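Pasting data31.tsv here (TSV, C-alpha atoms):
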```tsv
chain	number	residue	atom	x	y	z
A	1	MET	CA	63.54	146.33	28.70
A	2	ASN	CA	64.26	149.03	31.31
A	3	ASN	CA	61.62	151.44	32.63
A	4	ASP	CA	62.98	154.34	30.57
A	5	CYS	CA	62.62	152.43	27.28
A	6	LEU	CA	59.09	152.75	25.91
A	7	ALA	CA	59.54	151.08	22.53
A	8	GLU	CA	62.29	148.97	21.06
A	9	LEU	CA	63.38	147.15	17.92
A	10	SER	CA	66.03	144.48	18.50
A	11	GLY	CA	67.93	143.03	15.54
A	12	VAL	CA	64.96	143.58	13.26
A	13	SER	CA	65.05	142.64	9.59
A	14	LYS	CA	62.23	143.11	7.09
A	15	ARG	CA	62.05	142.37	3.36
A	16	PHE	CA	59.46	143.14	0.73
A	17	GLY	CA	60.27	140.71	-2.03
A	18	LYS	CA	63.82	141.46	-3.12
A	19	ILE	CA	63.87	144.81	-1.30
A	20	VAL	CA	65.59	144.88	2.09
A	21	ALA	CA	63.67	147.49	4.10
A	22	LEU	CA	65.40	146.86	7.46
A	23	ASP	CA	68.66	145.01	8.01
A	24	GLY	CA	69.34	144.04	11.64
A	25	LEU	CA	68.09	147.34	13.04
A	26	ASP	CA	68.29	148.19	16.76
A	27	LEU	CA	66.19	151.18	17.83
A	28	GLU	CA	65.16	152.43	21.27
A	29	VAL	CA	62.68	155.14	22.26
A	30	ARG	CA	63.23	156.56	25.74
A	31	ARG	CA	60.88	158.18	28.21
A	32	GLY	CA	60.51	161.97	28.02
A	33	GLU	CA	62.30	162.56	24.71
A	34	LEU	CA	61.55	163.68	21.20
A	35	PHE	CA	63.39	161.13	19.08
A	36	ALA	CA	63.85	162.03	15.40
A	37	VAL	CA	64.41	159.25	12.86
A	38	LEU	CA	66.03	160.59	9.70
A	39	GLY	CA	67.00	159.03	6.41
A	40	PRO	CA	66.60	159.37	2.65
A	41	ASN	CA	63.62	157.86	0.84
A	42	GLY	CA	63.67	154.09	1.20
A	43	ALA	CA	65.87	154.17	4.32
A	44	GLY	CA	63.30	152.18	6.35
A	45	LYS	CA	61.80	154.92	8.56
A	46	THR	CA	58.13	154.17	7.92
A	47	THR	CA	58.74	150.41	8.07
A	48	ALA	CA	60.39	150.80	11.49
A	49	ILE	CA	57.38	152.70	12.84
A	50	SER	CA	54.97	150.16	11.33
A	51	LEU	CA	56.77	147.36	13.21
A	52	LEU	CA	56.68	149.27	16.51
A	53	LEU	CA	52.95	149.80	16.02
A	54	GLY	CA	52.28	146.15	15.16
A	55	LEU	CA	51.05	147.05	11.67
A	56	ARG	CA	53.70	144.73	10.22
A	57	GLN	CA	55.64	141.80	11.64
A	58	PRO	CA	59.45	141.51	11.46
A	59	ASP	CA	61.02	138.69	9.47
A	60	ALA	CA	63.69	138.43	12.17
A	61	GLY	CA	64.29	140.12	15.50
A	62	SER	CA	61.65	141.53	17.82
A	63	ALA	CA	59.54	144.64	18.43
A	64	ARG	CA	58.36	145.69	21.90
A	65	LEU	CA	55.94	148.44	22.92
A	66	PHE	CA	55.81	149.31	26.62
A	67	GLY	CA	57.49	145.97	27.27
A	68	GLN	CA	54.76	144.05	25.46
A	69	SER	CA	53.93	142.88	21.97
A	70	PRO	CA	52.80	145.80	19.80
A	71	GLN	CA	49.64	143.74	19.23
A	72	CYS	CA	48.65	144.07	22.90
A	73	VAL	CA	45.62	146.33	23.37
A	74	GLY	CA	46.97	147.67	26.67
A	75	ALA	CA	50.13	148.91	24.93
A	76	ARG	CA	48.26	150.36	21.96
A	77	ARG	CA	45.98	152.42	24.19
A	78	GLN	CA	49.02	154.40	25.32
A	79	VAL	CA	49.98	155.39	21.79
A	80	GLY	CA	48.95	158.15	19.38
A	81	VAL	CA	49.73	157.86	15.67
A	82	MET	CA	49.92	160.10	12.62
A	83	MET	CA	51.09	158.25	9.52
A	84	GLN	CA	51.80	159.57	6.02
A	85	GLU	CA	48.94	157.71	4.37
A	86	VAL	CA	45.65	158.23	6.22
A	87	THR	CA	42.09	157.29	5.24
A	88	LEU	CA	39.25	158.74	7.33
A	89	ALA	CA	35.47	158.94	6.93
A	90	GLN	CA	34.96	161.82	4.50
A	91	GLU	CA	31.47	162.74	5.73
A	92	LEU	CA	32.29	163.01	9.44
A	93	ARG	CA	33.02	166.44	10.86
A	94	VAL	CA	36.36	167.09	12.60
A	95	ARG	CA	34.70	167.29	16.04
A	96	GLU	CA	32.94	163.97	15.39
A	97	LEU	CA	36.21	162.31	14.41
A	98	ILE	CA	37.86	163.56	17.59
A	99	ASP	CA	34.94	162.25	19.68
A	100	LEU	CA	35.22	158.85	17.99
A	101	VAL	CA	38.99	158.43	18.34
A	102	ALA	CA	39.04	159.79	21.91
A	103	SER	CA	36.49	157.12	22.91
A	104	TYR	CA	39.14	154.42	22.36
A	105	TYR	CA	41.36	155.79	25.15
A	106	PRO	CA	41.01	155.51	28.94
A	107	ASP	CA	41.89	159.13	29.79
A	108	PRO	CA	41.59	161.36	26.70
A	109	TYR	CA	41.65	165.12	26.48
A	110	THR	CA	38.26	166.77	26.10
A	111	PRO	CA	37.42	167.57	22.45
A	112	ASP	CA	37.48	171.30	23.20
A	113	ALA	CA	40.96	171.00	24.73
A	114	VAL	CA	42.21	169.15	21.65
A	115	LEU	CA	40.69	171.70	19.27
A	116	GLU	CA	42.37	174.52	21.17
A	117	MET	CA	45.71	172.73	21.56
A	118	THR	CA	45.99	171.97	17.84
A	119	ASP	CA	44.36	175.21	16.59
A	120	THR	CA	41.68	173.20	14.77
A	121	ALA	CA	38.67	174.90	16.39
A	122	PRO	CA	37.86	176.68	13.09
A	123	LEU	CA	37.59	173.23	11.47
A	124	ARG	CA	35.38	171.60	14.13
A	125	ASP	CA	32.16	171.59	12.06
A	126	ARG	CA	33.77	171.01	8.68
A	127	PRO	CA	33.37	167.58	7.02
A	128	TYR	CA	36.79	165.95	6.75
A	129	GLY	CA	36.34	165.39	3.03
A	130	LYS	CA	35.92	169.13	2.44
A	131	LEU	CA	39.25	170.09	4.04
A	132	SER	CA	42.37	171.12	2.13
A	133	ALA	CA	45.43	168.86	2.25
A	134	GLY	CA	47.05	171.02	4.93
A	135	GLN	CA	43.85	171.18	7.00
A	136	LYS	CA	43.57	167.38	6.82
A	137	ARG	CA	47.07	167.09	8.27
A	138	GLN	CA	46.05	169.42	11.11
A	139	ALA	CA	42.96	167.30	11.79
A	140	GLN	CA	45.05	164.11	11.73
A	141	PHE	CA	47.39	165.64	14.29
A	142	ALA	CA	44.41	166.43	16.53
A	143	LEU	CA	43.34	162.78	16.31
A	144	ALA	CA	46.87	161.62	17.13
A	145	VAL	CA	47.02	163.60	20.39
A	146	CYS	CA	43.41	163.42	21.55
A	147	GLY	CA	43.93	160.27	23.62
A	148	ARG	CA	46.60	161.91	25.81
A	149	PRO	CA	49.18	159.36	24.60
A	150	LYS	CA	52.31	158.52	26.53
A	151	LEU	CA	54.05	157.82	23.22
A	152	LEU	CA	53.28	159.67	19.99
A	153	PHE	CA	54.40	158.47	16.55
A	154	LEU	CA	54.48	161.17	13.87
A	155	ASP	CA	55.47	160.14	10.34
A	156	GLU	CA	56.30	163.27	8.28
A	157	PRO	CA	53.65	165.28	10.16
A	158	THR	CA	54.29	168.73	8.69
A	159	VAL	CA	54.25	167.82	4.99
A	160	GLY	CA	51.75	170.12	3.28
A	161	LEU	CA	51.54	172.62	6.14
A	162	ASP	CA	52.24	176.32	5.67
A	163	VAL	CA	54.90	178.02	7.78
A	164	GLN	CA	52.45	179.27	10.43
A	165	ALA	CA	50.79	175.86	10.86
A	166	ARG	CA	54.19	174.15	11.04
A	167	GLU	CA	55.44	176.50	13.75
A	168	LEU	CA	52.25	175.95	15.73
A	169	MET	CA	52.71	172.18	15.54
A	170	TRP	CA	56.33	172.57	16.70
A	171	SER	CA	55.12	174.57	19.70
A	172	THR	CA	52.51	171.93	20.52
A	173	LEU	CA	55.10	169.13	20.30
A	174	ARG	CA	57.42	170.96	22.70
A	175	GLN	CA	54.53	171.40	25.14
A	176	LEU	CA	53.57	167.71	24.89
A	177	VAL	CA	57.13	166.64	25.75
A	178	GLU	CA	57.20	169.12	28.62
A	179	ASP	CA	53.94	167.59	29.89
A	180	GLY	CA	55.45	164.09	29.89
A	181	SER	CA	54.79	162.60	26.46
A	182	SER	CA	57.51	160.94	24.39
A	183	ILE	CA	57.54	161.46	20.62
A	184	VAL	CA	58.99	159.58	17.66
A	185	LEU	CA	59.28	161.89	14.65
A	186	THR	CA	60.26	161.00	11.11
A	187	THR	CA	60.85	164.00	8.88
A	188	HIS	CA	62.50	165.14	5.67
A	189	TYR	CA	62.79	168.65	7.11
A	190	LEU	CA	66.17	168.57	8.82
A	191	GLU	CA	65.61	171.98	10.38
A	192	GLU	CA	62.59	170.40	12.09
A	193	ALA	CA	64.73	167.72	13.72
A	194	GLU	CA	67.40	170.30	14.58
A	195	ALA	CA	64.83	172.52	16.29
A	196	LEU	CA	62.95	169.81	18.18
A	197	ALA	CA	64.92	166.62	18.75
A	198	ASP	CA	66.59	165.51	21.97
A	199	ARG	CA	68.10	162.57	20.10
A	200	VAL	CA	68.50	161.62	16.44
A	201	ALA	CA	68.91	158.35	14.57
A	202	VAL	CA	70.06	158.36	10.95
A	203	LEU	CA	69.04	155.38	8.80
A	204	ALA	CA	70.30	154.38	5.38
A	205	LYS	CA	69.44	151.19	3.49
A	206	GLY	CA	67.64	149.79	6.53
A	207	ARG	CA	70.62	150.17	8.87
A	208	MET	CA	71.49	152.60	11.64
A	209	ILE	CA	74.48	154.66	10.49
A	210	ALA	CA	74.56	157.23	13.31
A	211	SER	CA	72.71	158.12	16.51
A	212	GLY	CA	73.05	160.65	19.29
A	213	THR	CA	72.14	164.22	20.14
A	214	VAL	CA	72.01	166.82	17.37
A	215	SER	CA	75.42	168.09	18.54
A	216	GLU	CA	76.86	164.56	18.39
A	217	ILE	CA	75.54	164.06	14.85
A	218	ARG	CA	76.97	167.43	13.80
A	219	ALA	CA	80.35	166.37	15.17
A	220	HIS	CA	80.62	163.82	12.34
A	221	VAL	CA	81.42	166.83	10.14
A	222	VAL	CA	84.63	168.44	11.38
A	223	ARG	CA	84.69	171.40	9.01
A	224	LYS	CA	83.40	174.83	9.92
A	225	HIS	CA	82.43	177.84	7.84
A	226	ILE	CA	83.93	181.32	8.02
A	227	SER	CA	82.36	184.38	6.42
A	228	CYS	CA	83.93	187.86	6.38
A	229	ALA	CA	84.14	191.11	4.45
A	230	THR	CA	87.72	191.40	3.20
A	231	SER	CA	89.81	192.64	0.29
A	232	LEU	CA	91.86	189.43	0.31
A	233	ALA	CA	91.72	187.47	-2.94
A	234	ALA	CA	89.82	184.18	-2.85
A	235	GLU	CA	92.69	182.48	-4.71
A	236	GLU	CA	95.18	183.57	-2.03
A	237	VAL	CA	93.07	182.27	0.87
A	238	ALA	CA	92.30	179.02	-0.97
A	239	ALA	CA	96.02	178.19	-0.97
A	240	TRP	CA	96.30	178.34	2.84
A	241	PRO	CA	96.61	175.12	4.88
A	242	GLU	CA	93.36	174.05	6.60
A	243	VAL	CA	91.25	175.76	3.91
A	244	GLN	CA	89.03	173.37	1.94
A	245	SER	CA	87.11	175.75	-0.30
A	246	VAL	CA	86.56	179.48	-0.86
A	247	SER	CA	83.90	181.44	-2.71
A	248	ARG	CA	83.27	185.17	-3.01
A	249	ASP	CA	79.88	186.86	-2.71
A	250	GLN	CA	80.48	190.54	-3.57
A	251	GLN	CA	82.73	191.79	-0.74
A	252	ARG	CA	82.38	188.66	1.41
A	253	LEU	CA	84.51	185.54	1.38
A	254	ASN	CA	82.85	182.27	2.36
A	255	ILE	CA	85.48	179.81	3.53
A	256	SER	CA	85.13	176.14	4.47
A	257	VAL	CA	87.90	175.04	6.85
A	258	SER	CA	89.04	172.10	8.94
A	259	ASN	CA	90.62	174.32	11.62
A	260	ALA	CA	88.70	177.56	12.10
A	261	GLU	CA	90.91	179.07	14.80
A	262	THR	CA	94.10	178.89	12.73
A	263	VAL	CA	92.46	180.39	9.65
A	264	VAL	CA	90.76	183.19	11.62
A	265	ARG	CA	94.10	184.26	13.12
A	266	ARG	CA	95.69	184.34	9.66
A	267	LEU	CA	92.77	186.32	8.20
A	268	LEU	CA	93.05	188.97	10.92
A	269	ALA	CA	96.81	189.20	10.47
A	270	ALA	CA	96.56	189.47	6.68
A	271	ASP	CA	93.81	192.11	6.61
A	272	GLU	CA	93.66	194.66	9.42
A	273	GLU	CA	90.45	196.10	7.92
A	274	LEU	CA	88.59	192.76	7.88
A	275	GLU	CA	84.97	193.13	9.04
A	276	GLU	CA	81.81	191.16	9.76
A	277	LEU	CA	83.64	187.99	10.77
A	278	GLU	CA	81.34	185.01	11.37
A	279	VAL	CA	82.23	181.42	12.24
A	280	ARG	CA	79.64	178.64	12.31
A	281	ARG	CA	79.80	174.89	12.68
A	282	ALA	CA	78.22	172.40	10.31
A	283	GLY	CA	74.47	172.06	10.66
A	284	LEU	CA	72.47	168.86	10.93
A	285	ALA	CA	71.63	169.00	7.22
A	286	GLU	CA	75.31	168.98	6.27
A	287	ALA	CA	76.06	166.12	8.66
A	288	PHE	CA	73.07	164.17	7.33
A	289	THR	CA	74.22	164.61	3.73
A	290	GLU	CA	77.76	163.49	4.51
A	291	LEU	CA	76.65	160.47	6.56
A	292	THR	CA	74.14	159.21	4.02
A	293	GLN	CA	76.55	159.70	1.10
A	294	GLU	CA	79.14	157.61	2.94
A	295	ALA	CA	76.53	154.85	3.38
A	296	VAL	CA	75.72	154.59	-0.33
```

I'd like the structure from this file rewritten - as structure tokens, please.
Amino acid sequence: MNNDCLAELSGVSKRFGKIVALDGLDLEVRRGELFAVLGPNGAGKTTAISLLLGLRQPDAGSARLFGQSPQCVGARRQVGVMMQEVTLAQELRVRELIDLVASYYPDPYTPDAVLEMTDTAPLRDRPYGKLSAGQKRQAQFALAVCGRPKLLFLDEPTVGLDVQARELMWSTLRQLVEDGSSIVLTTHYLEEAEALADRVAVLAKGRMIASGTVSEIRAHVVRKHISCATSLAAEEVAAWPEVQSVSRDQQRLNISVSNAETVVRRLLAADEELEELEVRRAGLAEAFTELTQEAV
């Protein structure tokens, strides 16, 4: 394991009865990155994180955390975790929980710094059991970062958060990476991965089906989208070469194409009064849908 690799799964397989959760998976988390792990329900995302954290053992292959077994206390003290299913003492106040969790780490943030960083200061004296679902997720995030972890695992962290709380968490994650932390993020919100990730892995049926930067994942979808205000008939444009589909929304045509440049030139030549021309490439969500459908 090289110095830039903080956590690694090598040829890992894991079954739960007849269900194959992971099937020969290779996964690597590198220093200084936010690494998003995407996939539909049942793809193996949570199982992969559980193996890296030593919460489960692989049936085959190996898991390494900072070059050691994930069971090693020295490795675990460099990690912060926020899982989907969390059980915490209901009667303890948020500040008390932060104090408790921070005490496990050699160089934690001060509780006040954590409360400010995660915008949980208003919750500091509230018993955990009295918090709303969204407030509990905010408190769990504060516990995940309080130990100043070198590597942070976040499993669907923004589920249940309102838009303002989600944007604040995004800002905090960017700052943590800038300050030297590495982050593994699983999420169903593809716009979240698109906004935050340095690198993306797409899982389906326990296997890696694509990995790379967001731009590299997008490149799996070659089509682009053209939108314009034009008097041209949708049926006429749909018959052109390179055009895959056309729909009309009032005065605008929305065109899906395999070669945007050729179609744009023909649009401009066919309608001298064409306006509001926009061309955009496929987003991560479209690439994700196409990749996972191919894997079914």

Inset, instruction - Fewer than 4 positions away in the same chain doesn't count, so skip those; otherwise give me all residues within 6 Å of segment 244-257 of chain A, counting only C-alpha atoms, as a PyMOL selection string. - result: chain A and resi 223-229+238

Export of prior selection with C-alpha atoms as a CSV table (one decimal), in the frame of the given file:
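Result written to result_1.csv:
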```csv
chain,number,residue,atom,x,y,z
A,223,ARG,CA,84.7,171.4,9.0
A,224,LYS,CA,83.4,174.8,9.9
A,225,HIS,CA,82.4,177.8,7.8
A,226,ILE,CA,83.9,181.3,8.0
A,227,SER,CA,82.4,184.4,6.4
A,228,CYS,CA,83.9,187.9,6.4
A,229,ALA,CA,84.1,191.1,4.4
A,238,ALA,CA,92.3,179.0,-1.0
```

Legend entry - d(atom CA of Gln90 of chain A, atom CA of Lys130 of chain A) in Å: 7.7 Å

Inset, instruction - Between A:Val114, A:Leu232, A:Leu22, A:Leu51, single out the one closest to Glu272 of chain A, counting all atoms listed in the file. - result: A:Leu232

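Counting all atoms listed in the file and comparing A:Ala234, A:Tyr105, A:Ala113, A:Thr47, the residue that lies closest to Gly74 of chain A is A:Tyr105.
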
Legend entry - Contact residues around segment 205-217 of chain A with all atoms listed in the file at 9 Å, ignoring same-chain residues under 3 positions, as a ChimeraX atom specification: /A:13-14,20-27,39-40,42-45,48,193-194,197-202,220-221,283-284,287-288,291-292,295-296

Legend entry - atom CA of Ala102 of chain A to atom CA of Gly147 of chain A, straight-line distance in Å: 5.2 Å

Legend entry - Residue with smallest distance to Glu178 of chain A - pool A:Gly54, A:Gly32, A:Pro241, A:Pro122, counting only C-alpha atoms: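 Of A:Gly54, A:Gly32, A:Pro241, A:Pro122, the one nearest Glu178 of chain A is A:Gly32, counting only C-alpha atoms.
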
Inset, instruction - Give me the residues within 9 Å of Leu97 of chain A as a list in words, counting all atoms listed in the file and dropping any in the same chain fewer than 3 places off. - result: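 The contact residues come out as Leu88, Ala89, Leu92, Arg93, Val94, Leu100, Val101, Ala102, Tyr128, Ala139 and Leu143 of chain A.
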
Inset, instruction - Would you work out the distance separating atom CA of Leu131 of chain A from atom CA of Arg76 of chain A, expressed in Å to one decimal? - result: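 Separation of atom CA of Leu131 of chain A and atom CA of Arg76 of chain A: 28.1 Å.
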
Inset, instruction - Give me the residues within 9 Å of Asp4 of chain A as a ChimeraX atom specification, counting only C-alpha atoms and dropping any in the same chain fewer than 6 places off. - result: /A:29-32

Inset, instruction - Find the residues around segment 77-87 of chain A up to 9 Å (only C-alpha atoms counted), leave out those fewer than 3 positions away in its own chain, and share them as a PyMOL selection string. - result: chain A and resi 46+53+66+72-74+90+104-106+137+140-141+143-157+159
